[in-house]
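Engineer: Contents of final.cif (mmCIF, C-alpha atoms) are given next:
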data_coords
#
loop_
_atom_site.label_atom_id
_atom_site.label_comp_id
_atom_site.auth_asym_id
_atom_site.auth_seq_id
_atom_site.Cartn_x
_atom_site.Cartn_y
_atom_site.Cartn_z
CA MET A 1 87.30 73.94 67.85
CA ILE A 2 83.70 72.72 67.83
CA LEU A 3 82.29 71.59 71.18
CA PRO A 4 78.85 70.07 71.83
CA GLY A 5 76.46 72.68 73.16
CA THR A 6 74.74 70.02 75.25
CA ASP A 7 77.90 69.61 77.34
CA LYS A 8 77.77 71.78 80.48
CA GLN A 9 81.56 71.92 80.66
CA ALA A 10 81.70 73.18 77.07
CA ILE A 11 79.25 75.96 77.92
CA LEU A 12 81.29 76.93 80.96
CA GLU A 13 84.48 76.97 78.89
CA ALA A 14 82.78 79.17 76.29
CA ALA A 15 81.59 81.52 79.05
CA ARG A 16 85.13 81.75 80.44
CA CYS A 17 86.35 82.74 76.97
CA ILE A 18 83.78 85.56 76.86
CA GLN A 19 84.74 86.73 80.36
CA ALA A 20 88.42 86.72 79.30
CA GLY A 21 87.68 89.00 76.34
CA ALA A 22 87.85 86.32 73.62
CA LEU A 23 85.38 85.47 70.86
CA VAL A 24 83.01 82.48 70.77
CA GLY A 25 80.76 81.05 68.06
CA PHE A 26 77.34 80.19 69.45
CA PRO A 27 74.01 78.95 68.07
CA THR A 28 70.71 80.76 68.08
CA GLU A 29 67.42 79.77 66.51
CA THR A 30 68.06 82.24 63.67
CA VAL A 31 71.75 81.90 62.69
CA TYR A 32 75.04 81.27 64.50
CA GLY A 33 76.56 84.31 66.18
CA LEU A 34 80.13 85.47 66.76
CA GLY A 35 80.04 86.57 70.37
CA ALA A 36 82.03 88.90 72.64
CA ASP A 37 81.37 90.60 75.98
CA ALA A 38 79.11 93.51 75.02
CA SER A 39 80.33 95.58 77.97
CA SER A 40 83.97 95.42 76.80
CA ASP A 41 84.75 97.72 73.88
CA ASP A 42 88.09 95.94 73.43
CA ALA A 43 86.42 92.54 73.15
CA VAL A 44 83.82 93.90 70.73
CA ALA A 45 86.63 95.36 68.60
CA GLY A 46 87.72 91.76 68.09
CA ILE A 47 84.41 91.01 66.38
CA PHE A 48 84.81 93.88 63.93
CA ALA A 49 88.39 92.81 63.16
CA ALA A 50 87.54 89.13 62.69
CA LYS A 51 84.58 89.84 60.41
CA GLY A 52 86.11 92.74 58.52
CA ARG A 53 83.04 94.71 59.55
CA PRO A 54 83.01 98.54 59.71
CA ALA A 55 83.15 99.67 63.34
CA ASN A 56 80.17 102.01 62.84
CA HIS A 57 77.89 99.14 61.76
CA PRO A 58 76.12 98.22 65.03
CA LEU A 59 75.88 94.78 66.56
CA ILE A 60 72.95 93.09 68.30
CA VAL A 61 73.45 92.39 71.99
CA HIS A 62 72.03 89.05 73.15
CA VAL A 63 70.61 88.89 76.67
CA ALA A 64 69.51 85.95 78.81
CA ASP A 65 66.18 87.51 79.82
CA VAL A 66 64.17 90.71 79.97
CA ALA A 67 65.73 91.58 83.33
CA GLN A 68 69.05 92.29 81.57
CA VAL A 69 67.50 94.91 79.28
CA SER A 70 67.90 97.66 81.86
CA ASN A 71 71.67 97.04 81.88
CA TYR A 72 71.81 98.46 78.34
CA ALA A 73 68.63 100.43 77.66
CA ALA A 74 67.92 103.86 79.15
CA SER A 75 64.18 103.42 78.67
CA VAL A 76 61.66 100.96 77.28
CA PRO A 77 58.51 102.32 75.60
CA PRO A 78 55.31 100.40 76.45
CA PHE A 79 54.93 99.08 72.89
CA ALA A 80 58.50 97.72 73.04
CA ALA A 81 57.73 95.96 76.31
CA ARG A 82 54.68 94.38 74.68
CA LEU A 83 56.80 93.15 71.77
CA MET A 84 59.37 91.61 74.10
CA ASP A 85 56.63 90.00 76.16
CA ALA A 86 55.11 88.46 73.03
CA PHE A 87 58.22 87.28 71.19
CA TRP A 88 61.06 86.79 73.68
CA PRO A 89 62.79 84.44 73.75
CA GLY A 90 62.57 84.49 69.97
CA PRO A 91 63.58 85.96 66.60
CA LEU A 92 62.95 89.63 67.42
CA THR A 93 65.46 92.43 67.99
CA VAL A 94 64.28 95.70 69.52
CA ILE A 95 66.30 98.89 69.20
CA LEU A 96 66.09 101.00 72.35
CA PRO A 97 67.73 104.18 73.68
CA ARG A 98 71.18 103.19 75.01
CA ARG A 99 72.33 103.92 78.53
CA GLU A 100 75.11 106.48 78.42
CA GLY A 101 78.57 104.98 78.77
CA ILE A 102 77.37 101.42 78.13
CA ALA A 103 78.29 99.20 75.13
CA ALA A 104 79.28 102.10 72.87
CA ALA A 105 81.37 99.90 70.56
CA ALA A 106 78.63 97.30 70.21
CA ALA A 107 76.20 100.08 69.31
CA GLY A 108 78.48 101.36 66.55
CA GLY A 109 78.77 104.67 68.40
CA GLN A 110 75.04 105.38 68.25
CA ASP A 111 72.88 106.42 71.19
CA SER A 112 70.62 103.42 70.56
CA ILE A 113 71.24 99.69 70.99
CA GLY A 114 69.71 96.52 69.54
CA LEU A 115 68.76 93.82 72.05
CA ARG A 116 67.52 90.26 71.59
CA CYS A 117 66.80 87.26 73.78
CA PRO A 118 67.31 84.15 71.63
CA ALA A 119 65.11 81.05 71.90
CA HIS A 120 67.84 78.44 71.41
CA PRO A 121 68.42 76.44 74.63
CA VAL A 122 72.19 76.36 74.11
CA ALA A 123 72.27 80.13 73.57
CA LEU A 124 70.27 80.76 76.75
CA ALA A 125 72.47 78.44 78.83
CA PHE A 126 75.56 80.14 77.39
CA LEU A 127 74.25 83.65 78.10
CA LYS A 128 73.31 82.75 81.66
CA ALA A 129 76.78 81.29 82.23
CA CYS A 130 78.40 84.44 80.82
CA GLY A 131 76.54 86.68 83.25
CA THR A 132 76.69 89.52 80.72
CA GLY A 133 75.14 90.54 77.45
CA VAL A 134 76.93 89.09 74.44
CA ALA A 135 77.33 91.16 71.28
CA GLY A 136 76.77 88.68 68.49
CA PRO A 137 76.49 89.40 64.78
CA SER A 138 76.29 86.46 62.39
CA ALA A 139 79.46 84.37 62.51
CA ASN A 140 80.67 84.99 58.98
CA ARG A 141 82.86 87.43 57.10
CA PHE A 142 81.12 90.75 56.62
CA GLY A 143 78.52 90.79 53.87
CA ARG A 144 78.68 87.06 53.19
CA VAL A 145 76.18 84.23 53.71
CA SER A 146 75.20 83.73 57.33
CA PRO A 147 76.02 80.38 59.02
CA THR A 148 73.28 78.01 60.13
CA ARG A 149 75.51 75.13 61.28
CA ALA A 150 78.56 74.98 63.55
CA GLN A 151 80.63 73.68 60.62
CA HIS A 152 79.84 76.85 58.66
CA VAL A 153 81.38 78.92 61.46
CA ALA A 154 84.52 76.78 61.55
CA GLN A 155 84.84 77.17 57.78
CA GLU A 156 84.76 80.95 58.20
CA PHE A 157 87.16 81.36 61.13
CA GLY A 158 89.17 78.15 61.49
CA ASP A 159 89.81 75.76 64.36
CA ASP A 160 91.15 78.35 66.82
CA LEU A 161 87.66 79.74 67.46
CA LEU A 162 85.62 77.90 70.09
CA VAL A 163 82.21 77.11 68.59
CA LEU A 164 79.30 75.68 70.55
CA ASP A 165 77.41 73.22 68.35
CA GLY A 166 73.66 73.55 68.75
CA GLY A 167 72.71 71.74 65.55
CA PRO A 168 71.11 73.32 62.47
CA CYS A 169 69.32 76.60 63.16
CA ALA A 170 65.55 76.15 63.27
CA VAL A 171 64.63 79.57 61.79
CA GLY A 172 67.53 80.04 59.38
CA ILE A 173 67.41 83.80 58.72
CA GLU A 174 68.20 86.67 61.06
CA SER A 175 65.74 88.24 63.47
CA SER A 176 63.17 90.88 62.65
CA ILE A 177 64.44 94.28 63.83
CA VAL A 178 61.98 96.84 65.20
CA ASP A 179 63.23 100.33 66.04
CA CYS A 180 61.58 101.53 69.26
CA THR A 181 63.50 104.80 69.73
CA ARG A 182 61.26 107.27 67.91
CA GLY A 183 57.91 106.96 69.64
CA ARG A 184 56.48 104.60 67.03
CA PRO A 185 57.50 101.04 66.14
CA VAL A 186 59.37 100.92 62.82
CA LEU A 187 60.34 97.70 61.05
CA LEU A 188 63.96 98.02 59.91
CA ARG A 189 64.57 94.40 58.88
CA PRO A 190 61.95 91.71 58.21
CA GLY A 191 62.36 88.19 59.52
CA VAL A 192 59.98 85.30 60.02
CA LEU A 193 57.64 87.44 62.12
CA THR A 194 55.12 89.18 59.89
CA ARG A 195 54.12 92.81 60.23
CA ALA A 196 50.61 91.66 61.23
CA GLN A 197 52.04 89.58 64.09
CA LEU A 198 54.14 92.51 65.29
CA GLU A 199 51.20 94.92 65.12
CA ALA A 200 48.92 92.52 66.99
CA ALA A 201 51.51 92.21 69.75
CA CYS A 202 52.39 95.87 70.21
CA GLY A 203 48.87 97.18 69.71
CA GLU A 204 49.62 99.81 67.07
CA PRO A 205 50.70 100.09 63.43
CA VAL A 206 54.28 99.14 62.65
CA LEU A 207 55.70 101.67 60.22
CA ASP A 208 58.05 101.00 57.34
CA LYS A 209 61.70 102.08 57.61
CA ASP A 210 61.29 104.40 54.63
CA ASP A 211 58.49 106.40 56.27
CA VAL A 212 60.98 109.03 57.48
CA GLN A 213 58.53 111.94 57.26
CA ALA A 214 56.43 110.38 60.00
CA VAL A 215 59.16 109.35 62.42
CA GLY A 216 62.50 110.81 61.33
CA SER A 217 65.66 109.08 60.19
CA ALA A 218 66.25 105.46 61.20
CA PRO A 219 69.26 104.40 63.25
CA ARG A 220 71.80 102.15 61.59
CA ALA A 221 70.99 98.48 62.16
CA SER A 222 72.50 95.08 61.46
CA GLY A 223 71.90 93.49 58.08
CA THR A 224 70.26 96.49 56.44
CA LEU A 225 72.89 97.37 53.85
CA GLU A 226 71.71 97.16 50.25
CA ALA A 227 74.20 94.39 49.42
CA HIS A 228 74.50 91.64 52.02
CA TYR A 229 74.12 87.88 52.62
CA ALA A 230 75.97 87.14 49.38
CA PRO A 231 77.54 83.83 48.33
CA ASP A 232 80.67 83.74 46.18
CA ALA A 233 78.52 82.91 43.15
CA LYS A 234 76.51 85.67 41.51
CA VAL A 235 72.82 85.52 42.43
CA ARG A 236 70.15 86.37 39.86
CA LEU A 237 66.45 86.52 40.74
CA MET A 238 63.88 85.69 38.03
CA ASP A 239 60.21 84.90 37.73
CA ALA A 240 59.26 81.38 36.64
CA ARG A 241 58.83 82.26 32.96
CA ALA A 242 62.15 84.06 32.70
CA LEU A 243 63.87 81.22 34.53
CA GLN A 244 62.55 78.60 32.12
CA ALA A 245 63.48 80.80 29.14
CA ALA A 246 67.02 81.13 30.47
CA LEU A 247 67.27 77.37 30.93
CA ASP A 248 66.05 76.79 27.37
CA LEU A 249 68.90 78.94 26.03
CA LEU A 250 71.63 77.02 27.85
CA GLY A 251 74.18 75.03 25.93
CA VAL A 252 75.56 71.66 26.93
CA ASP A 253 78.03 73.04 29.48
CA ALA A 254 76.05 74.35 32.44
CA ALA A 255 78.07 72.95 35.31
CA HIS A 256 78.75 76.50 36.50
CA ILE A 257 75.05 77.26 37.09
CA ALA A 258 72.75 76.25 39.95
CA VAL A 259 68.98 76.68 40.17
CA TYR A 260 66.80 77.10 43.26
CA ALA A 261 63.10 77.30 42.42
CA ARG A 262 59.57 76.31 43.44
CA CYS A 263 58.07 76.01 39.96
CA ALA A 264 58.20 72.90 37.78
CA LEU A 265 61.07 73.33 35.31
CA SER A 266 62.21 71.52 32.22
CA ILE A 267 65.94 70.99 32.73
CA LYS A 268 67.66 69.33 29.80
CA VAL A 269 71.27 69.69 30.92
CA ALA A 270 72.50 66.76 33.00
CA GLN A 271 75.18 68.76 34.85
CA MET A 272 72.69 71.32 36.15
CA ARG A 273 72.71 71.67 39.92
CA TYR A 274 69.13 72.02 41.06
CA ARG A 275 67.40 72.33 44.43
CA ARG A 276 63.69 72.76 44.88
CA MET A 277 62.66 75.68 47.07
CA PRO A 278 59.95 74.71 49.59
CA ASP A 279 56.46 76.08 49.06
CA ASP A 280 56.31 76.96 52.76
CA ALA A 281 58.01 80.25 53.68
CA ALA A 282 59.31 79.03 57.05
CA ALA A 283 60.87 75.95 55.48
CA ALA A 284 62.45 78.07 52.74
CA ALA A 285 63.92 80.44 55.33
CA GLN A 286 65.30 77.55 57.38
CA GLN A 287 67.29 76.12 54.48
CA LEU A 288 68.09 79.27 52.47
CA PHE A 289 71.61 80.06 53.66
CA ALA A 290 72.63 76.40 53.79
CA VAL A 291 71.55 75.99 50.16
CA LEU A 292 73.58 79.03 49.06
CA ARG A 293 76.62 77.70 50.93
CA ASP A 294 76.19 74.25 49.38
CA PHE A 295 76.10 75.75 45.89
CA ASP A 296 79.28 77.69 46.65
CA ALA A 297 80.95 74.50 47.87
CA GLN A 298 80.12 72.89 44.53
CA GLY A 299 81.98 75.67 42.72
CA VAL A 300 79.12 77.19 40.76
CA LYS A 301 79.53 80.70 39.37
CA LEU A 302 75.87 81.62 38.92
CA ILE A 303 72.82 80.88 41.08
CA TRP A 304 69.45 81.41 39.41
CA ILE A 305 66.63 81.74 41.95
CA GLU A 306 62.91 82.03 41.42
CA ASN A 307 61.46 85.17 42.99
CA PRO A 308 59.71 84.38 46.28
CA PRO A 309 55.97 85.06 46.49
CA ALA A 310 54.79 88.54 47.46
CA ALA A 311 52.93 87.22 50.52
CA PRO A 312 53.87 88.79 53.90
CA GLU A 313 55.23 85.55 55.33
CA TRP A 314 57.89 85.59 52.59
CA ASP A 315 59.15 89.11 53.42
CA GLY A 316 62.24 87.87 55.27
CA VAL A 317 63.32 85.46 52.53
CA ARG A 318 62.62 88.06 49.85
CA ASP A 319 64.69 90.63 51.76
CA ARG A 320 67.71 88.31 52.10
CA LEU A 321 67.61 87.25 48.45
CA GLY A 322 67.28 90.83 47.25
CA ARG A 323 70.36 91.86 49.18
CA ALA A 324 72.29 88.77 48.05
CA ALA A 325 71.49 89.58 44.43
CA ALA A 326 72.63 93.21 44.89
CA SER A 327 76.20 92.17 45.73
#
Can you turn what I pasted into structure tokens?
Structural biologist:
Amino acid sequence: MILPGTDKQAILEAARCIQAGALVGFPTETVYGLGADASSDDAVAGIFAAKGRPANHPLIVHVADVAQVSNYAASVPPFAARLMDAFWPGPLTVILPRREGIAAAAAGGQDSIGLRCPAHPVALAFLKACGTGVAGPSANRFGRVSPTRAQHVAQEFGDDLLVLDGGPCAVGIESSIVDCTRGRPVLLRPGVLTRAQLEAACGEPVLDKDDVQAVGSAPRASGTLEAHYAPDAKVRLMDARALQAALDLLGVDAAHIAVYARCALSIKVAQMRYRRMPDDAAAAAQQLFAVLRDFDAQGVKLIWIENPPAAPEWDGVRDRLGRAAAS
């Protein structure tokens, strides 16, 4: 059941569902989330069951403001506080030491917890009405393409799930995740925020997740598995030359192939499904998951995608496509 997120009564109904231990689909600026009361391990178990997600794969807890952080985090390092001050509400998740006995299921059993304050007005109104943190991974089956519209969520889980409609997501890919539990900021998952932006905000270098010698092993975090974000069709990444060469080799029947690219291509097959990737990284991120879902809906079997540029602002898109292609 999709309800308008601008309707106060719809928000209150969604909050009552959360307080009763049920699940709710809700919008954020990044992607739509599948929410449950983060303080209820039983409610959170419903998320894992609905998604088919391993119970040790942690969820991000969404909070209405910085004041709620202390409900879940045992401590907040100064650099983490600076990051929250700079980017909340917004597309940043910080991983902090978890308060003992709090939100163990949402944390996947770890002694750390990921927290985020979303920028979407419907999400903030919903969280305030709930009066509690809401555990909310992307509202899709585990490992599949994330939803960026309310209709995507309904397609995944059916009409029985209450979904607040907040329109298309403005960012389109999941938040950047910075681990703040090991004394140094470590980027575990890129998003639309660049490393330079994060470093400027926190006042120190942001390390890479693979730099384990410097800071030790990283905690498990959402969306960091090698294979993730995958459509039903097989994704193949190619540079512009290889993509054109592959197109030149196609026969007449190419209805099973879709192309998503920035470069100018010579496409001689009329049935070819083609979408042009924006030259701007933010625009490409905003439409990425919707494009993959649209290609799936058209029944293609292969999706050929031009490699994103190596520029830092493309890190989030490049990360999602790499994981989609690994599935």
Engineer: For the file shown, what are the residues hit by the PyMOL selection byres ((chain A and resi 33) around 7), laid out as a count of residues only?
Structural biologist: 11
Engineer: Residues of range 164-243 of chain A that have any atom at most 8 Å from an atom of range 86-97 of chain A: could you tabulate them with the shortest-distance atom pair and the distance in Å to one decimal, using only C-alpha atoms, ordered by chain and increasing number, as CSV?
Structural biologist:
residue,atom,partner,partner_atom,distance
A:Glu174,CA,A:Pro91,CA,7.2
A:Ser175,CA,A:Pro91,CA,4.4
A:Ser176,CA,A:Leu92,CA,4.9
A:Ile177,CA,A:Thr93,CA,4.7
A:Val178,CA,A:Val94,CA,5.0
A:Asp179,CA,A:Ile95,CA,4.6
A:Cys180,CA,A:Ile95,CA,5.4
A:Thr181,CA,A:Leu96,CA,5.3
A:Gly191,CA,A:Pro91,CA,7.5
A:Val192,CA,A:Pro91,CA,7.5
A:Leu193,CA,A:Pro91,CA,7.6
A:Ala201,CA,A:Ala86,CA,6.1
Engineer: Hey, which of A:Pro118, A:Pro78, A:Gly109, A:Gly143 ends up closest to Gly52 in chain A? Count all atoms listed in the file.
Structural biologist: A:Gly143
Engineer: If we count only C-alpha atoms and set the cut-off at 10 Å, which residues sit around Asp280 in chain A, ignoring sequence neighbours fewer than 3 positions away in its own chain? Please answer as a PDB file with C-alpha atoms, in the coordinates of the input.
Structural biologist:
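Okay, this is what ended up in around24.pdb:
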ATOM      1  CA  ARG A 262      59.570  76.310  43.440  1.00  0.00           C
ATOM      2  CA  MET A 277      62.660  75.680  47.070  1.00  0.00           C
ATOM      3  CA  ALA A 283      60.870  75.950  55.480  1.00  0.00           C
ATOM      4  CA  ALA A 284      62.450  78.070  52.740  1.00  0.00           C
ATOM      5  CA  ALA A 285      63.920  80.440  55.330  1.00  0.00           C
ATOM      6  CA  GLU A 313      55.230  85.550  55.330  1.00  0.00           C
ATOM      7  CA  TRP A 314      57.890  85.590  52.590  1.00  0.00           C
TER       8      TRP A 314
END
Engineer: Which is closer to Ala135 in chain A than all the others in A:Ala50, A:Leu237, A:Cys263, A:Ala107, using all atoms listed in the file?
Structural biologist: A:Ala107
Engineer: Give me the result of the PyMOL selection byres ((chain A and resi 272) around 10) on this file, residue by residue, as a ChimeraX atom specification.
Structural biologist: /A:247,252-259,267-271,273-275,300
Engineer: Check what the PyMOL selection byres ((chain A and resi 68-76) around 10) selects in the file above and give those residues as a PyMOL selection string.
Structural biologist: chain A and resi 38-39+61-67+77-82+94-104+111-117+131-133+180-181
Engineer: Quick one, how far is CA of Ser327 in chain A from CA of Ala49 in chain A?
Structural biologist: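 Value for the CA of Ser327 in chain A-CA of Ala49 in chain A distance: 21.3 Å.
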Engineer: I need the residue nearest Val44 in chain A from this list: A:Val134, A:Ala282, A:Ile2, A:Ile11. Use only C-alpha atoms for the distance.
Structural biologist: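 Nearest to Val44 in chain A: A:Val134.
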Engineer: What is the CA of Pro308 in chain A-CA of Leu249 in chain A distance in Å, reported with one decimal?
Structural biologist: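 Computing the Euclidean distance for CA of Pro308 in chain A and CA of Leu249 in chain A yields 22.9 Å.
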Engineer: Compile the contact shell of Pro312 in chain A as number ranges by chain: residues with an atom at most 8 Å away, counting only C-alpha atoms, same-chain residues fewer than 2 positions apart removed.
Structural biologist: A: 194-195, 310, 314-315
Engineer: How far is it from CA of Ala55 in chain A to CA of Ala106 in chain A, in Å with one decimal?
Structural biologist: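 CA of Ala106 in chain A lies at a distance of 8.6 Å from CA of Ala55 in chain A.
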Engineer: Need the shell around Leu162 in chain A: protein/DNA/RNA residues with any atom at most 12 Å away, counting all atoms listed in the file. Skip same-chain ones fewer than 4 positions apart. Format as a PDB file with C-alpha atoms, keeping the file's coordinate frame?
Structural biologist:
ATOM      1  CA  MET A   1      87.300  73.940  67.850  1.00  0.00           C
ATOM      2  CA  ILE A   2      83.700  72.720  67.830  1.00  0.00           C
ATOM      3  CA  LEU A   3      82.290  71.590  71.180  1.00  0.00           C
ATOM      4  CA  PRO A   4      78.850  70.070  71.830  1.00  0.00           C
ATOM      5  CA  GLY A   5      76.460  72.680  73.160  1.00  0.00           C
ATOM      6  CA  ALA A  10      81.700  73.180  77.070  1.00  0.00           C
ATOM      7  CA  ILE A  11      79.250  75.960  77.920  1.00  0.00           C
ATOM      8  CA  LEU A  12      81.290  76.930  80.960  1.00  0.00           C
ATOM      9  CA  GLU A  13      84.480  76.970  78.890  1.00  0.00           C
ATOM     10  CA  ALA A  14      82.780  79.170  76.290  1.00  0.00           C
ATOM     11  CA  ALA A  15      81.590  81.520  79.050  1.00  0.00           C
ATOM     12  CA  ARG A  16      85.130  81.750  80.440  1.00  0.00           C
ATOM     13  CA  CYS A  17      86.350  82.740  76.970  1.00  0.00           C
ATOM     14  CA  ILE A  18      83.780  85.560  76.860  1.00  0.00           C
ATOM     15  CA  ALA A  22      87.850  86.320  73.620  1.00  0.00           C
ATOM     16  CA  LEU A  23      85.380  85.470  70.860  1.00  0.00           C
ATOM     17  CA  VAL A  24      83.010  82.480  70.770  1.00  0.00           C
ATOM     18  CA  GLY A  25      80.760  81.050  68.060  1.00  0.00           C
ATOM     19  CA  PHE A  26      77.340  80.190  69.450  1.00  0.00           C
ATOM     20  CA  PRO A  27      74.010  78.950  68.070  1.00  0.00           C
ATOM     21  CA  GLY A  33      76.560  84.310  66.180  1.00  0.00           C
ATOM     22  CA  LEU A  34      80.130  85.470  66.760  1.00  0.00           C
ATOM     23  CA  GLY A  35      80.040  86.570  70.370  1.00  0.00           C
ATOM     24  CA  ALA A  36      82.030  88.900  72.640  1.00  0.00           C
ATOM     25  CA  ALA A 139      79.460  84.370  62.510  1.00  0.00           C
ATOM     26  CA  ALA A 150      78.560  74.980  63.550  1.00  0.00           C
ATOM     27  CA  GLN A 151      80.630  73.680  60.620  1.00  0.00           C
ATOM     28  CA  VAL A 153      81.380  78.920  61.460  1.00  0.00           C
ATOM     29  CA  ALA A 154      84.520  76.780  61.550  1.00  0.00           C
ATOM     30  CA  PHE A 157      87.160  81.360  61.130  1.00  0.00           C
ATOM     31  CA  GLY A 158      89.170  78.150  61.490  1.00  0.00           C
TER      32      GLY A 158
END
Engineer: Measuring atom to atom with all atoms listed in the file, identify which of A:Leu198, A:Glu29, A:Pro185, A:Phe142 is nearest to Ala170 in chain A.
Structural biologist: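 Of A:Leu198, A:Glu29, A:Pro185, A:Phe142, the one nearest Ala170 in chain A, counting all atoms listed in the file, is A:Glu29.
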Engineer: Using only C-alpha atoms, can you tell me which of A:Asp296, A:Met238, A:Lys8, A:Gly46 comes closest to Phe126 in chain A?
Structural biologist: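 Nearest candidate to Phe126 in chain A out of A:Asp296, A:Met238, A:Lys8, A:Gly46: A:Lys8.
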